[in-house]
Structure formats: structure tokens, C-alpha cells
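Below is entry.cif, which holds mmCIF, C-alpha atoms.
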data_start
#
loop_
_atom_site.label_atom_id
_atom_site.label_comp_id
_atom_site.auth_asym_id
_atom_site.auth_seq_id
_atom_site.Cartn_x
_atom_site.Cartn_y
_atom_site.Cartn_z
CA MET A 1 155.00 112.03 -70.18
CA SER A 2 151.75 110.86 -68.65
CA PRO A 3 150.91 107.20 -69.14
CA ARG A 4 148.68 106.42 -72.10
CA ARG A 5 145.05 105.99 -71.18
CA SER A 6 143.22 103.36 -73.16
CA TYR A 7 139.77 101.88 -73.54
CA ASP A 8 141.53 98.51 -73.91
CA GLN A 9 139.19 97.48 -76.69
CA TYR A 10 140.28 95.77 -79.90
CA CYS A 11 138.25 98.14 -82.05
CA PRO A 12 139.44 100.81 -84.52
CA ALA A 13 137.06 103.45 -83.11
CA ALA A 14 138.31 102.78 -79.59
CA ARG A 15 141.93 102.91 -80.76
CA ALA A 16 141.26 106.25 -82.46
CA LEU A 17 139.66 107.64 -79.32
CA ASP A 18 142.65 106.48 -77.28
CA ALA A 19 144.65 109.11 -79.22
CA LEU A 20 141.96 111.71 -79.97
CA GLY A 21 139.34 111.44 -77.24
CA ASP A 22 140.85 113.93 -74.80
CA ARG A 23 139.40 117.43 -74.66
CA TRP A 24 141.20 119.92 -76.98
CA THR A 25 143.11 117.34 -79.03
CA LEU A 26 141.03 117.61 -82.21
CA LEU A 27 140.90 121.39 -81.93
CA ILE A 28 144.70 121.44 -81.81
CA VAL A 29 144.63 119.39 -85.01
CA ARG A 30 142.26 121.96 -86.52
CA GLU A 31 144.78 124.71 -85.79
CA LEU A 32 147.76 122.74 -87.09
CA LEU A 33 146.02 121.97 -90.39
CA ALA A 34 146.96 125.59 -91.15
CA GLY A 35 150.64 124.61 -90.99
CA PRO A 36 153.36 124.93 -88.32
CA ARG A 37 152.35 127.00 -85.29
CA ARG A 38 154.22 128.32 -82.28
CA TYR A 39 152.95 127.42 -78.83
CA THR A 40 151.93 131.02 -78.18
CA ASP A 41 149.93 131.13 -81.44
CA LEU A 42 148.15 127.91 -80.57
CA HIS A 43 147.29 129.20 -77.12
CA ALA A 44 145.93 132.46 -78.55
CA ASP A 45 143.65 130.64 -81.00
CA LEU A 46 142.37 128.10 -78.48
CA PRO A 47 140.62 130.42 -76.02
CA GLY A 48 139.75 128.59 -72.82
CA VAL A 49 142.61 126.08 -72.79
CA SER A 50 145.06 126.34 -69.91
CA THR A 51 148.79 126.38 -70.57
CA ASP A 52 149.23 123.14 -68.62
CA VAL A 53 146.55 121.30 -70.59
CA LEU A 54 147.84 122.57 -73.94
CA ALA A 55 151.39 121.49 -73.12
CA SER A 56 150.15 118.08 -71.97
CA ARG A 57 148.06 117.54 -75.10
CA LEU A 58 150.97 118.50 -77.35
CA ARG A 59 153.24 116.01 -75.56
CA ASP A 60 150.62 113.28 -75.92
CA MET A 61 150.10 114.06 -79.60
CA GLU A 62 153.83 113.89 -80.25
CA ARG A 63 154.01 110.56 -78.43
CA ASP A 64 151.12 109.23 -80.52
CA GLY A 65 152.77 110.25 -83.78
CA LEU A 66 150.30 113.03 -84.64
CA THR A 67 152.66 115.99 -84.30
CA THR A 68 156.34 116.84 -84.33
CA ARG A 69 158.22 119.77 -82.85
CA ARG A 70 161.14 121.54 -84.51
CA ARG A 71 163.18 124.67 -83.96
CA LEU A 72 163.05 127.43 -86.55
CA PRO A 73 166.40 128.74 -87.84
CA PRO A 74 167.57 132.22 -86.80
CA PRO A 75 166.32 134.89 -86.56
CA GLY A 76 163.13 133.07 -85.52
CA ALA A 77 164.79 130.52 -83.24
CA ALA A 78 161.40 129.48 -81.83
CA TYR A 79 159.90 126.02 -81.65
CA VAL A 80 156.92 125.20 -83.84
CA TYR A 81 154.52 122.29 -83.78
CA GLU A 82 153.28 120.66 -86.98
CA LEU A 83 151.24 117.66 -88.01
CA THR A 84 152.79 114.46 -89.20
CA GLU A 85 151.32 112.71 -92.22
CA ARG A 86 149.15 110.68 -89.84
CA GLY A 87 147.98 113.86 -88.17
CA SER A 88 147.19 115.49 -91.52
CA ASP A 89 145.06 112.47 -92.40
CA LEU A 90 142.56 113.76 -89.82
CA LEU A 91 141.34 116.49 -92.21
CA PRO A 92 138.27 114.51 -93.39
CA VAL A 93 137.55 113.56 -89.77
CA LEU A 94 137.44 117.24 -88.77
CA GLN A 95 135.31 118.07 -91.79
CA ALA A 96 132.86 115.28 -91.00
CA LEU A 97 132.63 116.43 -87.39
CA GLY A 98 132.07 119.99 -88.56
CA GLU A 99 129.30 118.89 -90.92
CA TRP A 100 127.64 116.92 -88.13
CA GLY A 101 127.95 119.81 -85.67
CA ALA A 102 126.93 122.59 -88.06
CA PRO A 103 123.19 122.47 -87.18
CA ALA A 104 124.15 123.58 -83.66
CA LEU A 105 125.41 126.90 -85.06
CA GLU A 106 121.96 128.38 -85.57
CA GLU A 107 122.56 131.04 -82.93
CA ARG A 108 125.87 132.42 -81.67
CA ARG A 109 125.96 132.51 -77.88
CA PRO A 110 127.25 135.66 -76.13
CA THR A 111 130.09 133.61 -74.62
CA ASP A 112 131.22 132.13 -77.96
CA ALA A 113 134.71 133.06 -79.14
CA VAL A 114 135.21 133.25 -82.89
CA ARG A 115 138.18 133.31 -85.24
CA ALA A 116 137.84 133.85 -88.97
CA HIS A 117 139.90 130.79 -89.85
CA TRP A 118 137.52 128.51 -87.94
CA PHE A 119 135.28 128.83 -90.99
CA ALA A 120 138.03 127.55 -93.29
CA LEU A 121 137.38 123.80 -93.05
CA PRO A 122 133.60 123.91 -93.62
CA LEU A 123 134.09 126.41 -96.45
CA LEU A 124 136.77 124.20 -97.98
CA ARG A 125 134.35 121.27 -97.97
CA CYS A 126 131.72 123.39 -99.78
CA LEU A 127 134.28 124.49 -102.38
CA GLU A 128 135.37 120.91 -103.00
CA GLU A 129 131.76 119.74 -103.34
CA ALA A 130 131.13 122.51 -105.87
CA ALA A 131 134.15 121.26 -107.88
CA VAL A 132 135.40 124.77 -108.64
CA GLY A 133 138.84 123.56 -109.68
CA GLU A 134 142.21 124.10 -108.07
CA GLY A 135 144.12 127.06 -106.70
CA VAL A 136 144.30 129.44 -103.77
CA ILE A 137 141.27 131.42 -102.64
CA GLN A 138 141.58 134.47 -100.40
CA VAL A 139 138.57 134.74 -98.05
CA ARG A 140 137.47 137.93 -96.31
CA LEU A 141 134.98 137.94 -93.43
CA ASP A 142 134.17 140.72 -90.98
CA GLU A 143 136.10 138.67 -88.40
CA GLY A 144 139.29 138.59 -90.49
CA GLU A 145 140.96 137.02 -93.51
CA PHE A 146 142.30 133.58 -94.33
CA HIS A 147 143.08 131.57 -97.43
CA VAL A 148 142.25 128.05 -98.54
CA ARG A 149 143.88 125.77 -101.09
CA VAL A 150 141.54 123.66 -103.20
CA GLY A 151 142.27 120.70 -105.47
CA ASP A 152 145.85 119.88 -106.32
CA ALA A 153 147.01 123.23 -104.88
CA ALA A 154 146.76 121.64 -101.43
CA GLU A 155 148.84 118.58 -102.33
CA GLY A 156 151.49 118.26 -99.65
CA ARG A 157 150.72 121.70 -98.22
CA ALA A 158 148.57 123.21 -95.49
CA VAL A 159 144.96 123.33 -96.68
CA TYR A 160 144.36 126.76 -95.15
CA GLY A 161 146.17 129.56 -93.39
CA ASP A 162 145.62 132.88 -91.66
CA GLY A 163 145.80 136.06 -93.69
CA PRO A 164 146.81 136.32 -97.36
CA ALA A 165 148.55 133.36 -98.97
CA PRO A 166 152.31 134.01 -99.26
CA GLU A 167 152.25 132.96 -102.91
CA GLY A 168 149.23 135.09 -103.80
CA SER A 169 145.70 134.02 -104.64
CA ASP A 170 143.86 132.90 -107.76
CA ALA A 171 140.53 134.28 -106.59
CA ARG A 172 139.14 136.37 -103.76
CA ILE A 173 135.77 136.03 -102.08
CA SER A 174 134.01 138.17 -99.48
CA LEU A 175 131.10 136.98 -97.36
CA ASP A 176 129.77 137.25 -93.83
CA ALA A 177 129.82 134.69 -91.04
CA GLU A 178 126.07 134.10 -91.38
CA THR A 179 126.50 133.05 -95.00
CA CYS A 180 129.46 130.86 -94.14
CA THR A 181 127.44 129.19 -91.39
CA ALA A 182 124.51 128.59 -93.75
CA LEU A 183 126.89 126.97 -96.23
CA SER A 184 128.36 124.69 -93.57
CA ARG A 185 124.87 123.68 -92.38
CA GLY A 186 123.81 122.79 -95.90
CA ALA A 187 121.08 125.44 -95.78
CA LEU A 188 122.68 127.31 -98.69
CA ARG A 189 124.55 126.17 -101.78
CA LEU A 190 127.75 127.89 -102.82
CA ARG A 191 126.60 128.76 -106.33
CA ASP A 192 123.28 130.07 -105.03
CA ALA A 193 125.13 132.30 -102.57
CA VAL A 194 127.25 133.72 -105.40
CA ARG A 195 124.23 134.20 -107.65
CA ASP A 196 122.27 135.96 -104.88
CA GLY A 197 125.15 138.31 -104.09
CA ARG A 198 125.84 136.87 -100.65
CA ILE A 199 129.36 135.98 -101.83
CA ASP A 200 131.33 138.55 -103.81
CA VAL A 201 133.93 137.01 -106.13
CA THR A 202 136.84 138.98 -107.62
CA GLY A 203 139.63 137.87 -109.91
CA GLU A 204 139.96 137.08 -113.61
CA GLY A 205 141.58 133.65 -113.56
CA THR A 206 140.02 130.25 -114.20
CA LEU A 207 139.22 129.67 -110.54
CA ALA A 208 137.45 133.01 -110.14
CA LYS A 209 135.40 132.38 -113.28
CA ALA A 210 134.47 128.91 -112.01
CA LEU A 211 133.31 130.40 -108.72
CA ARG A 212 131.10 132.84 -110.62
CA GLY A 213 129.62 129.86 -112.44
#

In C-alpha cells, what does this structure look like?
Amino acid sequence: MSPRRSYDQYCPAARALDALGDRWTLLIVRELLAGPRRYTDLHADLPGVSTDVLASRLRDMERDGLTTRRRLPPPGAAYVYELTERGSDLLPVLQALGEWGAPALEERRPTDAVRAHWFALPLLRCLEEAAVGEGVIQVRLDEGEFHVRVGDAAEGRAVYGDGPAPEGSDARISLDAETCTALSRGALRLRDAVRDGRIDVTGEGTLAKALRG
């Protein structure tokens, strides 16, 4: 493993940046908040990262106690990376960074890659602020589908994941990336988006009814 680089400052922010300040580290955390991922899946959803850099960051993160690596039982027999409890504690950090960076999303650049699940964390923050309750929400965008767990449904589990939730969903919403971006920027409120038809809600359970207001 490469030697630890440090700011050598007795300061909590500096200590945090010792572990998180390298390029790609926090984006790897973003991906692993969806649960265990194989190396190939991480590489596919981090366009632009080289294989050498990704492998190096994963080694550093394991050394710093942010991730662990384990082998899946047969027939999978592949290694997966997952966050430790300390790594999972970075969820509010990622959400705060996303909120701060959201104003820069006014226009998508031609070179910008996009994955549907990259909208999961800002959307989750909006859902929590709207206090819609708890459960699993299936989200459909033109770019793809993912699911988020709100309230106690996320206790001890991944807060979001690609595709449909294995255990099913309590509500389903459909919206476009523009609406999701407006929500994350604070330019649009969740309930206003539902009322104005920019978010379509389906389902008959408590969570779906709460989303419809």
C-alpha cells in the first residue's frame, strides 16, 4: 500500500481530508452507499477513473477503515467492496456536498456522463425534508430506475440501489432529470412538483398517499 499522505494538522477537517481528500474517494463512497459492489460495477459507474487509480483508492479506503472487501459465496465467487459503519456515516457529508454543488447543475455539459442513481441522494434528502414517512420508493427517470429507502426502512440497510428493490416498493414515482435537478437545487419543492404534475405518484399504501399530500 502507498504511504498515507497527511496534512499533519491537529484539526478534524484536516484529518477528514487525509482520508477523503483524494480525487474519486467520495464518489466511490457515493456508489457504495447503494450496497456492496463488484470492482467492475464500480468502474462502470465511475466513468473517467482509471483502473489503477480505482484500485489504489479502494486499497487506501480499506486501510483507513472506510471499506471492506469480501468474497461472495458460489456461484458468484466474486469479490465485493462495501462500506464499513464509519464509511456509511459519510451519507450526510455527501448530501451536504450535493446540496452545495447543486446550483452548478443549471446546464448539462455535452461531456457530462449521467447515471440515474446519481440523483438518488439529492432526491432522498428532499423526501426526508418533506417527511413523507417510511418505506421503499421506486423511482423512474428517462435515464433509468433506482429505489430509495426513507425513514426507518433504511435502518441498517443501503439507502438506495439500482433498479427495483428486491423486496418490492411501497410507492412509485416518475419524473424527469430536470425536475430532479430543480428539487436538488431547492428551486422546486417536492409537494409542488407532485401537485403540478411534474412527479407522477402511483401506489395505494400510506407512503404513496403521503407523497400525494

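Using all atoms listed in the file, the smallest distance between any of A:Val136, A:Leu141, A:Val148, A:Leu97 and Leu207 of chain A comes from A:Val136.
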
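Taking atom CA of Gly213 of chain A and atom CA of Arg140 of chain A as the two end points, the separation is 19.7 Å.
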
Checklist entry - Which one of A:Val53, A:Cys126, A:Ala165, A:Ala193 sits closest to Glu178 of chain A if you count all atoms listed in the file? => result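 Going through A:Val53, A:Cys126, A:Ala165, A:Ala193 one by one, the smallest distance to Glu178 of chain A is for A:Ala193.
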
Given the point (149.8, 116.2, -89.1) in the file's coordinates, find the residues that have an atom at most 12 Å from it, counting only C-alpha atoms, and give them as a PDB file with C-alpha atoms, keeping the file's coordinate frame.
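Full text of point03.pdb as output:
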ATOM      1  CA  LEU A  26     141.030 117.610 -82.210  1.00  0.00           C
ATOM      2  CA  ILE A  28     144.700 121.440 -81.810  1.00  0.00           C
ATOM      3  CA  VAL A  29     144.630 119.390 -85.010  1.00  0.00           C
ATOM      4  CA  ARG A  30     142.260 121.960 -86.520  1.00  0.00           C
ATOM      5  CA  GLU A  31     144.780 124.710 -85.790  1.00  0.00           C
ATOM      6  CA  LEU A  32     147.760 122.740 -87.090  1.00  0.00           C
ATOM      7  CA  LEU A  33     146.020 121.970 -90.390  1.00  0.00           C
ATOM      8  CA  ALA A  34     146.960 125.590 -91.150  1.00  0.00           C
ATOM      9  CA  GLY A  35     150.640 124.610 -90.990  1.00  0.00           C
ATOM     10  CA  PRO A  36     153.360 124.930 -88.320  1.00  0.00           C
ATOM     11  CA  ARG A  37     152.350 127.000 -85.290  1.00  0.00           C
ATOM     12  CA  MET A  61     150.100 114.060 -79.600  1.00  0.00           C
ATOM     13  CA  GLU A  62     153.830 113.890 -80.250  1.00  0.00           C
ATOM     14  CA  ASP A  64     151.120 109.230 -80.520  1.00  0.00           C
ATOM     15  CA  GLY A  65     152.770 110.250 -83.780  1.00  0.00           C
ATOM     16  CA  LEU A  66     150.300 113.030 -84.640  1.00  0.00           C
ATOM     17  CA  THR A  67     152.660 115.990 -84.300  1.00  0.00           C
ATOM     18  CA  THR A  68     156.340 116.840 -84.330  1.00  0.00           C
ATOM     19  CA  ARG A  69     158.220 119.770 -82.850  1.00  0.00           C
ATOM     20  CA  TYR A  81     154.520 122.290 -83.780  1.00  0.00           C
ATOM     21  CA  GLU A  82     153.280 120.660 -86.980  1.00  0.00           C
ATOM     22  CA  LEU A  83     151.240 117.660 -88.010  1.00  0.00           C
ATOM     23  CA  THR A  84     152.790 114.460 -89.200  1.00  0.00           C
ATOM     24  CA  GLU A  85     151.320 112.710 -92.220  1.00  0.00           C
ATOM     25  CA  ARG A  86     149.150 110.680 -89.840  1.00  0.00           C
ATOM     26  CA  GLY A  87     147.980 113.860 -88.170  1.00  0.00           C
ATOM     27  CA  SER A  88     147.190 115.490 -91.520  1.00  0.00           C
ATOM     28  CA  ASP A  89     145.060 112.470 -92.400  1.00  0.00           C
ATOM     29  CA  LEU A  90     142.560 113.760 -89.820  1.00  0.00           C
ATOM     30  CA  LEU A  91     141.340 116.490 -92.210  1.00  0.00           C
ATOM     31  CA  GLY A 156     151.490 118.260 -99.650  1.00  0.00           C
ATOM     32  CA  ARG A 157     150.720 121.700 -98.220  1.00  0.00           C
ATOM     33  CA  ALA A 158     148.570 123.210 -95.490  1.00  0.00           C
ATOM     34  CA  VAL A 159     144.960 123.330 -96.680  1.00  0.00           C
TER      35      VAL A 159
END

Item to check | Which of A:Ala182, A:Asp45, A:Glu134, A:Val114 sits closest to Ala102 of chain A [using all atoms listed in the file] | outcome: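 Among the listed residues, the smallest separation from Ala102 of chain A belongs to A:Ala182.
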
Checklist entry - Which value, in Å to one decimal, gives the distance between atom CA of Ala154 of chain A and atom CA of Asp192 of chain A? => result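 Between atom CA of Ala154 of chain A and atom CA of Asp192 of chain A the gap is 25.2 Å.
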
Checklist entry - What is the atom CA of Asp170 of chain A to atom CA of Val93 of chain A distance in Å? => result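 Atom CA of Val93 of chain A lies at a distance of 27.2 Å from atom CA of Asp170 of chain A.
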